[in-house]
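Structure record follows, encoded as structure tokens.
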Amino acid sequence: MLQLKNVSVRFGGLTAVNNVTLAVGTQDVVGLVGPNGAGKTTLFNAISGLVRPTSGEITFDGADVMRAPMYKRARMGIGRTFQVPQPMHELTVRQNLAVAQRFGTGSVDQKKIDEILEFTSLAGKAARNAATELALTELKALEVAKALATNPKLLLLDEVFAGLETTGKRHFMSMLKNLHDKFSVGIIIIEHDIETISNLCQRVAVLNFGELIAEGTPEEVFRDPAVIKSYTGGGHA
Ligand SMILES: Nc1ncnc2c1ncn2[C@@H]1O[C@H](COP(=O)(O)OP(=O)(O)OP(=O)(O)O)[C@@H](O)[C@H]1O
């Protein structure tokens with residue numbers, strides 16, 4: 001469904017993503033890992049339309065999306081979260097979901113919003129101000145809820161576990177484990193914790209200095225010497 005072919009993103013002299021080729025289907029839950037600065041978020045930005053690749057091809061359900069703006073990609077089914085939660089200020093949790101839903105689908109469906117609020121354990125917080133009245137775990141859940149409200153076929157999750165305490169992490173883990181089945185979405189998840197990735201994903205892709213250096217099952221990838229070297233600061237594999 002998502003197909004990247006030789007995608008590169010350069011910022012001036014820096015190549016943040018280098019010639020990446022990757023395919024992800026609706027049934028896939030793929031972990032995207034790699035050291036800090038490896039290009040993971042930039043790759044998400046390229047897929048969701050926040051940055052334009054310098055070269056390469058991106059197709060979604062067979063359609064070329066390289067020049068499509070973010071909202072068009074959202075309407076085609078590419079949803080995402082941001083590393084730092086970005087609730088819309090002055091709006092309640094429910095209103096945040098309604099805005100996200102309109103962005104992604106063109107209309108508002110309160111029944112679907114109720115379902116998402118329930119799934120993300122935010123039903124009791126629906127009337128709260130999203131920017132000022134939520135704890136970090138709830139803000140992170142709202143990021144996922146907003147992405148779900150856009151009705152994605154493919155969901156890009158950017159470090160949703162970051163900063164959470166053990167209980168919050170456990171809660172998120174069980175939510176994400178059900179997410180794929182409940183909403184029939186493919187998932188690409190950026191996450192640093194190897195155990196979390198191994199728990200959630202059937203496949204892992206590893207970036208290092210913008211290059212895809214390994215792809216396979218968690219067992220295969222995390223014992224690959226090139227991957228271990230990249231994680232232990234060995235630089236270019
Ligand atoms: N808008 C930008 N302008 C210039 N350089 C950028 C921009 N966005 C990212 N970069 C650079 O591109 C490289 C890749 O960054 P990116 O945030 O994609 O890495 P990452 O793998 O997501 O890192 P982390 O795990 O720390 O979030 C870094 O060197 C970063 O400084």
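Every chain in the structure tokens takes a letter, A first, then B, and so on in the order presented; its residues are numbered from 1, and the ligands are numbered from 1 following the presented order.
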Kindly assemble as JSON lines a list of the chain A residues that lie within 12 Å of ligand 1, each paired with its nearest atom pair and their distance in Å to one decimal, using only C-alpha atoms and all ligand atoms, sorted first by chain and then by ascending residue number.
{"residue": "A:Ser8", "atom": "CA", "partner": "ligand 1", "partner_atom_place_in_ligand_line": "12 (O)", "distance": 11.3}
{"residue": "A:Val9", "atom": "CA", "partner": "ligand 1", "partner_atom_place_in_ligand_line": "12 (O)", "distance": 8.6}
{"residue": "A:Arg10", "atom": "CA", "partner": "ligand 1", "partner_atom_place_in_ligand_line": "5 (N)", "distance": 8.0}
{"residue": "A:Phe11", "atom": "CA", "partner": "ligand 1", "partner_atom_place_in_ligand_line": "4 (C)", "distance": 5.0}
{"residue": "A:Gly12", "atom": "CA", "partner": "ligand 1", "partner_atom_place_in_ligand_line": "4 (C)", "distance": 7.5}
{"residue": "A:Gly13", "atom": "CA", "partner": "ligand 1", "partner_atom_place_in_ligand_line": "5 (N)", "distance": 9.3}
{"residue": "A:Leu14", "atom": "CA", "partner": "ligand 1", "partner_atom_place_in_ligand_line": "12 (O)", "distance": 6.9}
{"residue": "A:Thr15", "atom": "CA", "partner": "ligand 1", "partner_atom_place_in_ligand_line": "12 (O)", "distance": 7.1}
{"residue": "A:Ala16", "atom": "CA", "partner": "ligand 1", "partner_atom_place_in_ligand_line": "12 (O)", "distance": 4.3}
{"residue": "A:Val17", "atom": "CA", "partner": "ligand 1", "partner_atom_place_in_ligand_line": "14 (C)", "distance": 7.3}
{"residue": "A:Asn18", "atom": "CA", "partner": "ligand 1", "partner_atom_place_in_ligand_line": "14 (C)", "distance": 10.5}
{"residue": "A:Leu32", "atom": "CA", "partner": "ligand 1", "partner_atom_place_in_ligand_line": "21 (O)", "distance": 9.0}
{"residue": "A:Val33", "atom": "CA", "partner": "ligand 1", "partner_atom_place_in_ligand_line": "21 (O)", "distance": 7.6}
{"residue": "A:Gly34", "atom": "CA", "partner": "ligand 1", "partner_atom_place_in_ligand_line": "21 (O)", "distance": 6.2}
{"residue": "A:Pro35", "atom": "CA", "partner": "ligand 1", "partner_atom_place_in_ligand_line": "25 (O)", "distance": 5.9}
{"residue": "A:Asn36", "atom": "CA", "partner": "ligand 1", "partner_atom_place_in_ligand_line": "26 (O)", "distance": 3.6}
{"residue": "A:Gly37", "atom": "CA", "partner": "ligand 1", "partner_atom_place_in_ligand_line": "19 (O)", "distance": 3.4}
{"residue": "A:Ala38", "atom": "CA", "partner": "ligand 1", "partner_atom_place_in_ligand_line": "21 (O)", "distance": 3.7}
{"residue": "A:Gly39", "atom": "CA", "partner": "ligand 1", "partner_atom_place_in_ligand_line": "18 (O)", "distance": 3.2}
{"residue": "A:Lys40", "atom": "CA", "partner": "ligand 1", "partner_atom_place_in_ligand_line": "21 (O)", "distance": 3.8}
{"residue": "A:Thr41", "atom": "CA", "partner": "ligand 1", "partner_atom_place_in_ligand_line": "22 (O)", "distance": 3.7}
{"residue": "A:Thr42", "atom": "CA", "partner": "ligand 1", "partner_atom_place_in_ligand_line": "18 (O)", "distance": 3.7}
{"residue": "A:Leu43", "atom": "CA", "partner": "ligand 1", "partner_atom_place_in_ligand_line": "18 (O)", "distance": 6.4}
{"residue": "A:Phe44", "atom": "CA", "partner": "ligand 1", "partner_atom_place_in_ligand_line": "18 (O)", "distance": 8.0}
{"residue": "A:Asn45", "atom": "CA", "partner": "ligand 1", "partner_atom_place_in_ligand_line": "18 (O)", "distance": 8.2}
{"residue": "A:Ala46", "atom": "CA", "partner": "ligand 1", "partner_atom_place_in_ligand_line": "18 (O)", "distance": 9.8}
{"residue": "A:Leu50", "atom": "CA", "partner": "ligand 1", "partner_atom_place_in_ligand_line": "1 (N)", "distance": 9.7}
{"residue": "A:Val51", "atom": "CA", "partner": "ligand 1", "partner_atom_place_in_ligand_line": "1 (N)", "distance": 8.0}
{"residue": "A:Arg52", "atom": "CA", "partner": "ligand 1", "partner_atom_place_in_ligand_line": "1 (N)", "distance": 10.7}
{"residue": "A:Pro53", "atom": "CA", "partner": "ligand 1", "partner_atom_place_in_ligand_line": "1 (N)", "distance": 11.8}
{"residue": "A:Phe82", "atom": "CA", "partner": "ligand 1", "partner_atom_place_in_ligand_line": "27 (O)", "distance": 10.5}
{"residue": "A:Gln83", "atom": "CA", "partner": "ligand 1", "partner_atom_place_in_ligand_line": "27 (O)", "distance": 7.8}
{"residue": "A:Val84", "atom": "CA", "partner": "ligand 1", "partner_atom_place_in_ligand_line": "27 (O)", "distance": 10.4}
{"residue": "A:Leu157", "atom": "CA", "partner": "ligand 1", "partner_atom_place_in_ligand_line": "22 (O)", "distance": 11.7}
{"residue": "A:Asp158", "atom": "CA", "partner": "ligand 1", "partner_atom_place_in_ligand_line": "22 (O)", "distance": 8.4}
{"residue": "A:Glu159", "atom": "CA", "partner": "ligand 1", "partner_atom_place_in_ligand_line": "27 (O)", "distance": 8.1}
{"residue": "A:Val160", "atom": "CA", "partner": "ligand 1", "partner_atom_place_in_ligand_line": "27 (O)", "distance": 11.6}
{"residue": "A:Ala162", "atom": "CA", "partner": "ligand 1", "partner_atom_place_in_ligand_line": "27 (O)", "distance": 10.4}
{"residue": "A:Ile189", "atom": "CA", "partner": "ligand 1", "partner_atom_place_in_ligand_line": "22 (O)", "distance": 11.4}
{"residue": "A:Ile190", "atom": "CA", "partner": "ligand 1", "partner_atom_place_in_ligand_line": "22 (O)", "distance": 8.0}
{"residue": "A:Glu191", "atom": "CA", "partner": "ligand 1", "partner_atom_place_in_ligand_line": "25 (O)", "distance": 8.1}
{"residue": "A:His192", "atom": "CA", "partner": "ligand 1", "partner_atom_place_in_ligand_line": "25 (O)", "distance": 7.4}
{"residue": "A:Asp193", "atom": "CA", "partner": "ligand 1", "partner_atom_place_in_ligand_line": "25 (O)", "distance": 11.1}
{"residue": "A:Val206", "atom": "CA", "partner": "ligand 1", "partner_atom_place_in_ligand_line": "21 (O)", "distance": 9.9}
{"residue": "A:Leu207", "atom": "CA", "partner": "ligand 1", "partner_atom_place_in_ligand_line": "21 (O)", "distance": 7.5}
{"residue": "A:Asn208", "atom": "CA", "partner": "ligand 1", "partner_atom_place_in_ligand_line": "21 (O)", "distance": 8.0}
{"residue": "A:Phe209", "atom": "CA", "partner": "ligand 1", "partner_atom_place_in_ligand_line": "14 (C)", "distance": 7.7}
{"residue": "A:Gly210", "atom": "CA", "partner": "ligand 1", "partner_atom_place_in_ligand_line": "14 (C)", "distance": 7.1}
{"residue": "A:Glu211", "atom": "CA", "partner": "ligand 1", "partner_atom_place_in_ligand_line": "21 (O)", "distance": 10.6}
{"residue": "A:Leu212", "atom": "CA", "partner": "ligand 1", "partner_atom_place_in_ligand_line": "21 (O)", "distance": 11.5}
{"residue": "A:Tyr231", "atom": "CA", "partner": "ligand 1", "partner_atom_place_in_ligand_line": "25 (O)", "distance": 11.6}
Please provide the set of residues having any atom within 10 Å of Arg73 (chain A), restricted to only C-alpha atoms, with same-chain residues fewer than 3 positions apart removed, written as a PDB file with N, CA and C atoms, in the first residue's frame.
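After the write, out17.pdb holds the following:
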ATOM      1  N   ILE A  47       6.743  11.012   4.222  1.00  0.00           N
ATOM      2  CA  ILE A  47       5.570  10.172   3.900  1.00  0.00           C
ATOM      3  C   ILE A  47       4.271  10.956   4.096  1.00  0.00           C
ATOM      4  N   SER A  48       4.232  11.763   5.171  1.00  0.00           N
ATOM      5  CA  SER A  48       2.974  12.462   5.482  1.00  0.00           C
ATOM      6  C   SER A  48       2.835  13.790   4.746  1.00  0.00           C
ATOM      7  N   GLY A  49       3.921  14.256   4.107  1.00  0.00           N
ATOM      8  CA  GLY A  49       3.811  15.465   3.284  1.00  0.00           C
ATOM      9  C   GLY A  49       4.313  16.730   3.940  1.00  0.00           C
ATOM     10  N   PHE A  60       1.001   5.609  -2.687  1.00  0.00           N
ATOM     11  CA  PHE A  60       0.104   5.081  -1.662  1.00  0.00           C
ATOM     12  C   PHE A  60      -1.123   4.534  -2.368  1.00  0.00           C
ATOM     13  N   VAL A  65       2.044  10.161  -4.552  1.00  0.00           N
ATOM     14  CA  VAL A  65       1.650  11.205  -3.590  1.00  0.00           C
ATOM     15  C   VAL A  65       2.763  12.232  -3.365  1.00  0.00           C
ATOM     16  N   MET A  66       3.823  12.162  -4.167  1.00  0.00           N
ATOM     17  CA  MET A  66       4.993  13.023  -3.928  1.00  0.00           C
ATOM     18  C   MET A  66       4.635  14.504  -3.858  1.00  0.00           C
ATOM     19  N   ARG A  67       3.676  14.920  -4.667  1.00  0.00           N
ATOM     20  CA  ARG A  67       3.339  16.336  -4.686  1.00  0.00           C
ATOM     21  C   ARG A  67       2.033  16.653  -3.946  1.00  0.00           C
ATOM     22  N   ALA A  68       1.436  15.645  -3.331  1.00  0.00           N
ATOM     23  CA  ALA A  68       0.152  15.871  -2.642  1.00  0.00           C
ATOM     24  C   ALA A  68       0.387  16.552  -1.293  1.00  0.00           C
ATOM     25  N   PRO A  69      -0.384  17.615  -0.974  1.00  0.00           N
ATOM     26  CA  PRO A  69      -0.247  18.258   0.333  1.00  0.00           C
ATOM     27  C   PRO A  69      -0.715  17.333   1.464  1.00  0.00           C
ATOM     28  N   MET A  70      -0.376  17.733   2.697  1.00  0.00           N
ATOM     29  CA  MET A  70      -0.669  16.880   3.861  1.00  0.00           C
ATOM     30  C   MET A  70      -2.128  16.454   3.942  1.00  0.00           C
ATOM     31  N   MET A  76      -6.327  10.363   1.858  1.00  0.00           N
ATOM     32  CA  MET A  76      -6.063   9.079   1.193  1.00  0.00           C
ATOM     33  C   MET A  76      -5.845   7.979   2.220  1.00  0.00           C
ATOM     34  N   GLY A  77      -5.557   8.370   3.481  1.00  0.00           N
ATOM     35  CA  GLY A  77      -5.424   7.353   4.529  1.00  0.00           C
ATOM     36  C   GLY A  77      -4.087   7.305   5.249  1.00  0.00           C
ATOM     37  N   ILE A  78      -3.279   8.371   5.099  1.00  0.00           N
ATOM     38  CA  ILE A  78      -2.003   8.402   5.832  1.00  0.00           C
ATOM     39  C   ILE A  78      -2.180   9.274   7.081  1.00  0.00           C
ATOM     40  N   GLY A  79      -2.169   8.640   8.251  1.00  0.00           N
ATOM     41  CA  GLY A  79      -2.327   9.374   9.516  1.00  0.00           C
ATOM     42  C   GLY A  79      -1.019   9.368  10.286  1.00  0.00           C
ATOM     43  N   GLY A 104      -9.154  14.951   8.112  1.00  0.00           N
ATOM     44  CA  GLY A 104      -8.846  13.675   7.457  1.00  0.00           C
ATOM     45  C   GLY A 104      -9.961  13.101   6.610  1.00  0.00           C
ATOM     46  N   PRO A 152      -7.275   6.659   9.299  1.00  0.00           N
ATOM     47  CA  PRO A 152      -6.137   6.216   8.481  1.00  0.00           C
ATOM     48  C   PRO A 152      -6.213   4.758   8.062  1.00  0.00           C
TER      49      PRO A 152
END
Inset, instruction - Could you give me, as number ranges by chain, each residue of region 43-219 of chain A that DSSP assigns to alpha helix (DSSP H) when run on this structure's backbone? - result: A: 43-48, 70-76, 93-105, 110-119, 136-149, 166-183, 194-200, 218-219
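Residues in contact with Val204 (chain A) at 6 Å, where only C-alpha atoms are counted and same-chain residues fewer than 2 positions away are skipped, are listed as Val30, Gly31, Leu32, Glu215, Gly216, Thr217 and Pro218 of chain A.
Around Leu154 (chain A), within 10 Å and counting only C-alpha atoms, the residues found are Met1, Leu2, Val24, Gly25, Thr26, Gln27, Asp28, Val29, Phe60, Ala74, Met76, Gly77, Ile78, Gly79, Arg80, Ala147, Leu148, His180, Ser184, Val185, Gly186, Ile187 and Ile188 of chain A, once anything fewer than 5 positions away on its own chain is removed.
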Restricted to C-alpha atoms, what would the selected residues look like written as a PDB file, in the first residue's frame?
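again.pdb, written as the output of this step:
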ATOM      1  CA  MET A   1       0.000   0.000   0.000  1.00  0.00           C
ATOM      2  CA  LEU A   2       2.815   2.439   0.895  1.00  0.00           C
ATOM      3  CA  VAL A  24       4.420  -1.342   4.050  1.00  0.00           C
ATOM      4  CA  GLY A  25       0.985  -2.967   3.736  1.00  0.00           C
ATOM      5  CA  THR A  26      -2.278  -2.626   5.686  1.00  0.00           C
ATOM      6  CA  GLN A  27      -1.566  -5.825   7.571  1.00  0.00           C
ATOM      7  CA  ASP A  28       1.930  -4.737   8.631  1.00  0.00           C
ATOM      8  CA  VAL A  29       3.145  -3.445  11.974  1.00  0.00           C
ATOM      9  CA  PHE A  60       0.104   5.081  -1.662  1.00  0.00           C
ATOM     10  CA  ALA A  74      -4.549  12.341   5.204  1.00  0.00           C
ATOM     11  CA  MET A  76      -6.063   9.079   1.193  1.00  0.00           C
ATOM     12  CA  GLY A  77      -5.424   7.353   4.529  1.00  0.00           C
ATOM     13  CA  ILE A  78      -2.003   8.402   5.832  1.00  0.00           C
ATOM     14  CA  GLY A  79      -2.327   9.374   9.516  1.00  0.00           C
ATOM     15  CA  ARG A  80       0.424  10.368  11.938  1.00  0.00           C
ATOM     16  CA  ALA A 147      -4.535  10.389  14.260  1.00  0.00           C
ATOM     17  CA  LEU A 148      -7.244   7.706  14.459  1.00  0.00           C
ATOM     18  CA  HIS A 180      -4.170  -2.841  14.365  1.00  0.00           C
ATOM     19  CA  SER A 184      -7.623  -2.325  10.507  1.00  0.00           C
ATOM     20  CA  VAL A 185      -4.643  -0.049  10.029  1.00  0.00           C
ATOM     21  CA  GLY A 186      -1.087  -0.703   8.986  1.00  0.00           C
ATOM     22  CA  ILE A 187       1.369   0.821  11.447  1.00  0.00           C
ATOM     23  CA  ILE A 188       4.895   2.180  11.276  1.00  0.00           C
TER      24      ILE A 188
END
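Proximity ranking of A:Thr120, A:Gly56, A:Val144, A:Asn151 relative to Val108 (chain A) places A:Asn151 first, based on only C-alpha atoms.
Going from CA of Thr166 (chain A) to CA of Glu138 (chain A) covers 14.2 Å.
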Inset, instruction - Identify, on the basis of only C-alpha atoms, every residue whose closest approach to Leu22 (chain A) does not exceed 8 Å; exclude the query and any residue fewer than 2 positions from it along the same chain; express the result as a VMD selection string. - result: chain A and resid 3 to 5 20 24
Restrict the selected residues to N, CA and C atoms and save them as a tab-separated table (two decimals), in the first residue's frame.
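Dumped everything to part.tsv:
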chain	number	residue	atom	x	y	z
A	3	GLN	N	4.55	2.58	-0.76
A	3	GLN	CA	5.78	2.14	-1.42
A	3	GLN	C	6.74	3.32	-1.55
A	4	LEU	N	7.88	3.19	-0.90
A	4	LEU	CA	8.94	4.21	-1.06
A	4	LEU	C	9.99	3.62	-1.99
A	5	LYS	N	10.40	4.43	-2.99
A	5	LYS	CA	11.46	3.96	-3.89
A	5	LYS	C	12.56	5.00	-3.95
A	20	VAL	N	16.12	5.56	0.39
A	20	VAL	CA	15.38	4.52	1.12
A	20	VAL	C	14.28	3.90	0.26
A	24	VAL	N	5.19	-1.02	2.84
A	24	VAL	CA	4.42	-1.34	4.05
A	24	VAL	C	2.96	-1.53	3.66
Inset, instruction - Based on DSSP run over this structure's backbone, return all residues of region 2-236 of chain A in strand (DSSP E or B), as a PyMOL selection string. - result: chain A and resi 2-11+14-24+29-33+55-60+63-64+78-80+92+129+154-158+186-190+203-208+211-216
Inset, instruction - Would you please work out which residue, of A:Val93, A:Leu164, A:Val99, A:Ile116, is nearest to Asn129 (chain A) when using only C-alpha atoms? - result: A:Val93
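Using only C-alpha atoms for every distance, the candidate list A:Ile194, A:Ala100, A:Met88, A:Met175 yields A:Met175 as the residue closest to Ala141 (chain A).
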Inset, instruction - Mind giving me the straight-line distance from CA of Phe103 (chain A) to CA of Thr54 (chain A) in Å, one decimal? - result: 26.4 Å
Legend entry - Atomic separation - CA of Ala23 (chain A) relative to CA of Asp61 (chain A), Å: 11.1 Å
